>>> print(open('work.cif').read())   # mmCIF, C-alpha atoms
data_entry
loop_
_atom_site.label_atom_id
_atom_site.label_comp_id
_atom_site.auth_asym_id
_atom_site.auth_seq_id
_atom_site.Cartn_x
_atom_site.Cartn_y
_atom_site.Cartn_z
CA MET A 1 0.00 0.00 0.00
CA ILE A 2 1.24 3.47 -0.86
CA SER A 3 -0.11 6.52 0.95
CA GLU A 4 0.88 9.94 2.20
CA TYR A 5 -0.96 9.20 5.44
CA PRO A 6 0.03 6.94 8.34
CA PRO A 7 -1.51 3.50 8.79
CA GLY A 8 -4.87 3.64 10.51
CA THR A 9 -5.93 6.95 8.95
CA ASN A 10 -9.66 6.72 8.34
CA PRO A 11 -10.93 7.25 4.78
CA SER A 12 -12.17 10.79 4.29
CA ALA A 13 -13.30 12.57 1.12
CA PRO A 14 -10.79 15.45 1.47
CA LEU A 15 -7.94 12.89 1.39
CA PHE A 16 -9.03 11.25 -1.88
CA PRO A 17 -7.43 13.75 -4.31
CA ALA A 18 -3.99 13.03 -2.81
CA ARG A 19 -4.63 9.32 -3.33
CA ASN A 20 -5.77 9.98 -6.90
CA ARG A 21 -2.54 11.89 -7.63
CA ILE A 22 -0.53 8.86 -6.50
CA ILE A 23 -2.65 6.52 -8.62
CA ALA A 24 -2.13 8.72 -11.69
CA GLY A 25 1.60 8.84 -11.01
CA LEU A 26 1.89 5.06 -10.86
CA ALA A 27 -0.17 4.46 -14.01
CA ASP A 28 1.14 4.37 -17.57
CA VAL A 29 -2.38 4.96 -18.92
CA VAL A 30 -5.58 6.02 -17.13
CA VAL A 31 -8.88 4.40 -18.10
CA ILE A 32 -12.14 5.94 -16.90
CA VAL A 33 -15.06 3.50 -17.04
CA GLU A 34 -17.79 5.46 -15.24
CA ALA A 35 -17.74 9.01 -13.94
CA LYS A 36 -20.24 11.62 -12.94
CA ILE A 37 -19.52 15.14 -14.17
CA LYS A 38 -17.81 15.82 -10.81
CA SER A 39 -16.01 12.71 -9.64
CA GLY A 40 -12.77 11.43 -8.21
CA SER A 41 -12.15 9.61 -11.48
CA LEU A 42 -11.97 12.93 -13.28
CA ILE A 43 -9.59 14.27 -10.65
CA THR A 44 -7.35 11.28 -11.40
CA ALA A 45 -7.64 12.00 -15.14
CA ASP A 46 -6.63 15.65 -14.57
CA TYR A 47 -3.56 14.58 -12.59
CA ALA A 48 -2.66 12.08 -15.31
CA LEU A 49 -2.92 14.77 -17.99
CA GLU A 50 -0.66 17.07 -15.97
CA GLN A 51 1.86 14.22 -15.88
CA GLY A 52 1.64 13.63 -19.64
CA LYS A 53 -0.23 10.32 -19.41
CA ASP A 54 -2.76 9.11 -21.99
CA ILE A 55 -6.41 9.06 -20.94
CA TYR A 56 -9.03 6.64 -22.27
CA ALA A 57 -12.74 6.53 -21.51
CA VAL A 58 -15.56 4.08 -22.05
CA PRO A 59 -18.47 5.91 -23.69
CA GLY A 60 -21.86 5.68 -22.03
CA ARG A 61 -25.51 6.49 -22.53
CA MET A 62 -26.20 10.15 -23.29
CA TYR A 63 -28.60 10.78 -20.42
CA ASP A 64 -26.93 8.62 -17.77
CA ALA A 65 -25.37 10.69 -14.95
CA LEU A 66 -22.65 8.04 -14.53
CA SER A 67 -21.64 8.50 -18.17
CA GLU A 68 -21.42 12.30 -18.28
CA GLY A 69 -17.80 12.41 -17.12
CA CYS A 70 -16.62 9.77 -19.62
CA ASN A 71 -18.53 11.31 -22.51
CA ASN A 72 -17.09 14.73 -21.63
CA LEU A 73 -13.53 13.32 -21.56
CA ILE A 74 -14.09 11.84 -25.02
CA ARG A 75 -15.32 15.23 -26.32
CA GLN A 76 -12.10 16.72 -24.95
CA GLY A 77 -9.94 14.23 -26.85
CA ALA A 78 -9.58 11.17 -24.59
CA GLY A 79 -9.16 7.86 -26.36
CA ILE A 80 -12.31 5.81 -26.76
CA ILE A 81 -12.49 2.22 -25.59
CA SER A 82 -15.21 0.42 -27.50
CA ASP A 83 -13.44 -2.91 -28.00
CA VAL A 84 -11.23 -4.45 -25.32
CA ASP A 85 -9.10 -6.47 -27.76
CA GLU A 86 -8.37 -3.40 -29.91
CA PHE A 87 -7.51 -1.40 -26.80
CA LEU A 88 -5.08 -4.07 -25.61
CA LYS A 89 -3.42 -4.14 -29.04
CA GLU A 90 -3.04 -0.36 -28.89
CA LEU A 91 -1.44 -0.58 -25.45
CA GLU A 92 1.09 -3.14 -26.67
CA LEU A 93 2.04 -0.81 -29.51
CA GLN A 94 2.51 2.09 -27.12
CA GLY A 95 4.66 -0.09 -24.88
CA GLU A 96 7.03 -0.76 -27.76
CA ILE A 97 7.25 2.92 -28.67
CA ASN A 98 7.57 4.43 -25.20
CA THR A 99 11.23 3.82 -24.41
CA GLY A 100 13.37 5.01 -21.54
CA GLU A 101 14.92 7.47 -24.00
CA ASP A 102 11.47 9.02 -24.61
CA ASN A 103 11.00 9.44 -20.86
CA LEU A 104 14.42 11.08 -20.59
CA LYS A 105 13.53 13.50 -23.41
CA ASN A 106 10.29 14.38 -21.61
CA LEU A 107 12.31 15.33 -18.53
CA LEU A 108 14.28 17.74 -20.70
CA LEU A 109 11.21 19.75 -21.67
CA GLU A 110 10.57 23.10 -20.03
CA LYS A 111 7.53 23.35 -17.74
CA ASP A 112 5.42 25.20 -20.33
CA GLU A 113 6.44 22.71 -23.02
CA ARG A 114 5.43 19.77 -20.78
CA LEU A 115 2.04 21.41 -20.14
CA VAL A 116 1.27 21.79 -23.86
CA TYR A 117 2.75 18.36 -24.70
CA SER A 118 0.57 16.74 -22.02
CA CYS A 119 -2.54 18.14 -23.74
CA LEU A 120 -1.67 16.41 -27.01
CA SER A 121 -2.22 12.81 -28.08
CA LEU A 122 -2.39 10.89 -31.34
CA ARG A 123 -5.67 12.67 -32.16
CA PRO A 124 -5.07 16.11 -33.71
CA LYS A 125 -5.85 19.12 -31.51
CA ASN A 126 -6.08 22.66 -32.82
CA VAL A 127 -4.44 25.71 -31.30
CA GLY A 128 -7.78 26.96 -29.97
CA GLU A 129 -8.29 23.77 -27.95
CA LEU A 130 -4.78 24.04 -26.54
CA LEU A 131 -5.27 27.71 -25.62
CA LYS A 132 -8.53 26.92 -23.85
CA LYS A 133 -7.10 23.94 -21.98
CA THR A 134 -3.86 25.65 -20.86
CA GLY A 135 -4.80 29.34 -20.49
CA ILE A 136 -1.57 30.28 -22.27
CA SER A 137 -1.55 33.41 -24.46
CA VAL A 138 -1.53 33.07 -28.27
CA PRO A 139 2.05 34.38 -28.80
CA GLU A 140 3.41 32.18 -26.01
CA MET A 141 1.51 29.13 -27.34
CA MET A 142 2.92 29.64 -30.83
CA ASP A 143 6.44 29.89 -29.37
CA ILE A 144 5.97 26.70 -27.32
CA LEU A 145 4.58 24.81 -30.34
CA ALA A 146 7.53 25.98 -32.46
CA ARG A 147 9.97 24.70 -29.82
CA LEU A 148 8.17 21.35 -29.54
CA LEU A 149 8.21 21.03 -33.34
CA GLN A 150 11.92 21.89 -33.46
CA LYS A 151 12.72 19.35 -30.73
CA GLY A 152 10.76 16.67 -32.61
CA PHE A 153 8.12 16.05 -29.96
CA ILE A 154 5.09 17.02 -32.05
CA THR A 155 3.94 17.13 -35.65
CA GLU A 156 1.61 19.59 -37.36
CA THR A 157 -0.86 17.38 -39.23
CA VAL A 158 -2.65 20.25 -41.00
CA LYS A 159 -2.44 23.99 -40.41
CA ASN A 160 -2.69 24.66 -36.64
CA TYR A 161 -3.52 21.03 -35.72
CA TYR A 162 -0.92 19.13 -33.71
CA ILE A 163 -0.29 15.59 -32.47
CA ARG A 164 2.37 13.90 -30.39
CA LYS A 165 5.09 12.46 -32.55
CA ILE A 166 5.68 8.74 -32.20
#
>>> encode(input="work.cif", output="structure tokens")
Amino acid sequence: MISEYPPGTNPSAPLFPARNRIIAGLADVVVIVEAKIKSGSLITADYALEQGKDIYAVPGRMYDALSEGCNNLIRQGAGIISDVDEFLKELELQGEINTGEDNLKNLLLEKDERLVYSCLSLRPKNVGELLKKTGISVPEMMDILARLLQKGFITETVKNYYIRKI
């Protein structure tokens, strides 16, 4: 068991976000199966995004409160899990690509570069989405994207749409 609290500490809602941060830190990928619009699962997903992890969600019924969080994550660019076998194949592929050298390169990124990089995945995101998600100004965002392009971390798929480079 891993915790920031001593043994015997009773479970308490205010302590859950710290636990979720640890869970996100230990995970290679975060999968959200069910989540209300405000849930601990989404807190874990936010921590994982800050750490540059990939997020996947299982889509749910449109009017189901337990699906709102997952459906919202998918709208924001999370990977969709609709077939377990396909998902497992995708994870194996990522495992082959994500080398120790890639992790070392990630450590070499500046804080602002890591923030923008963590918002990207293999699905193209436009500059507007990145601006909204990060709160960074347009000139600063363009500078960060130029640096990430120059360092080989991202690719511009079409004008102002970016993905992580494999």
>>> residues_around(input="work.cif", residues="range 28-45 of chain A", least_positions_apart="6", cutoff="9 Å", atoms="all atoms listed in the file", output="mmCIF file with C-alpha atoms, in the frame of the given file")
data_model
loop_
_atom_site.group_PDB
_atom_site.id
_atom_site.type_symbol
_atom_site.label_atom_id
_atom_site.label_comp_id
_atom_site.auth_asym_id
_atom_site.auth_seq_id
_atom_site.Cartn_x
_atom_site.Cartn_y
_atom_site.Cartn_z
ATOM 1 C CA PHE A 16 -9.030 11.250 -1.880
ATOM 2 C CA PRO A 17 -7.430 13.750 -4.310
ATOM 3 C CA ARG A 19 -4.630 9.320 -3.330
ATOM 4 C CA ASN A 20 -5.770 9.980 -6.900
ATOM 5 C CA ARG A 21 -2.540 11.890 -7.630
ATOM 6 C CA ILE A 22 -0.530 8.860 -6.500
ATOM 7 C CA LYS A 53 -0.230 10.320 -19.410
ATOM 8 C CA ASP A 54 -2.760 9.110 -21.990
ATOM 9 C CA ILE A 55 -6.410 9.060 -20.940
ATOM 10 C CA TYR A 56 -9.030 6.640 -22.270
ATOM 11 C CA ALA A 57 -12.740 6.530 -21.510
ATOM 12 C CA VAL A 58 -15.560 4.080 -22.050
ATOM 13 C CA PRO A 59 -18.470 5.910 -23.690
ATOM 14 C CA GLY A 60 -21.860 5.680 -22.030
ATOM 15 C CA ASP A 64 -26.930 8.620 -17.770
ATOM 16 C CA ALA A 65 -25.370 10.690 -14.950
ATOM 17 C CA LEU A 66 -22.650 8.040 -14.530
ATOM 18 C CA SER A 67 -21.640 8.500 -18.170
ATOM 19 C CA GLU A 68 -21.420 12.300 -18.280
ATOM 20 C CA GLY A 69 -17.800 12.410 -17.120
ATOM 21 C CA CYS A 70 -16.620 9.770 -19.620
ATOM 22 C CA ASN A 71 -18.530 11.310 -22.510
ATOM 23 C CA ASN A 72 -17.090 14.730 -21.630
ATOM 24 C CA LEU A 73 -13.530 13.320 -21.560
ATOM 25 C CA GLY A 79 -9.160 7.860 -26.360
ATOM 26 C CA ILE A 81 -12.490 2.220 -25.590
ATOM 27 C CA LEU A 91 -1.440 -0.580 -25.450
#
>>> atom_distance(input="work.cif", atom1="CA of Ala48 in chain A", atom2="CA of Ala24 in chain A")
5.0 Å
>>> closest_residue(input="work.cif", among="A:Ala13, A:Ile163, A:Val84, A:Met62", to="Lys125 in chain A", atoms="only C-alpha atoms")
A:Ile163
>>> closest_residue(input="work.cif", among="A:Val116, A:Ile74, A:Leu26, A:Leu15", to="Ala146 in chain A", atoms="all atoms listed in the file")
A:Val116
>>> axis_aligned_box(input="work.cif", around="range 1-6 of chain A", padding_each_side="8 Å", output="JSON")
{"center_x": 0.1, "center_y": 5.0, "center_z": 3.7, "size_x": 18.2, "size_y": 25.9, "size_z": 25.2}
>>> residues_around(input="work.cif", residues="range 135-138 of chain A", least_positions_apart="3", cutoff="12 Å", atoms="only C-alpha atoms", output="MDAnalysis selection string")
chainID A and resid 112:113 115:116 119 127:132 141:145 160
>>> atom_distance(input="work.cif", atom1="CA of Phe153 in chain A", atom2="CA of Lys165 in chain A")
5.4 Å
>>> atom_distance(input="work.cif", atom1="CA of Pro124 in chain A", atom2="CA of Tyr162 in chain A")
5.1 Å
>>> residues_around(input="work.cif", residues="Gly52 in chain A", least_positions_apart="3", cutoff="9 Å", atoms="only C-alpha atoms", output="NGL selection string")
:A and (47-49 or 106 or 114-115 or 117-120)
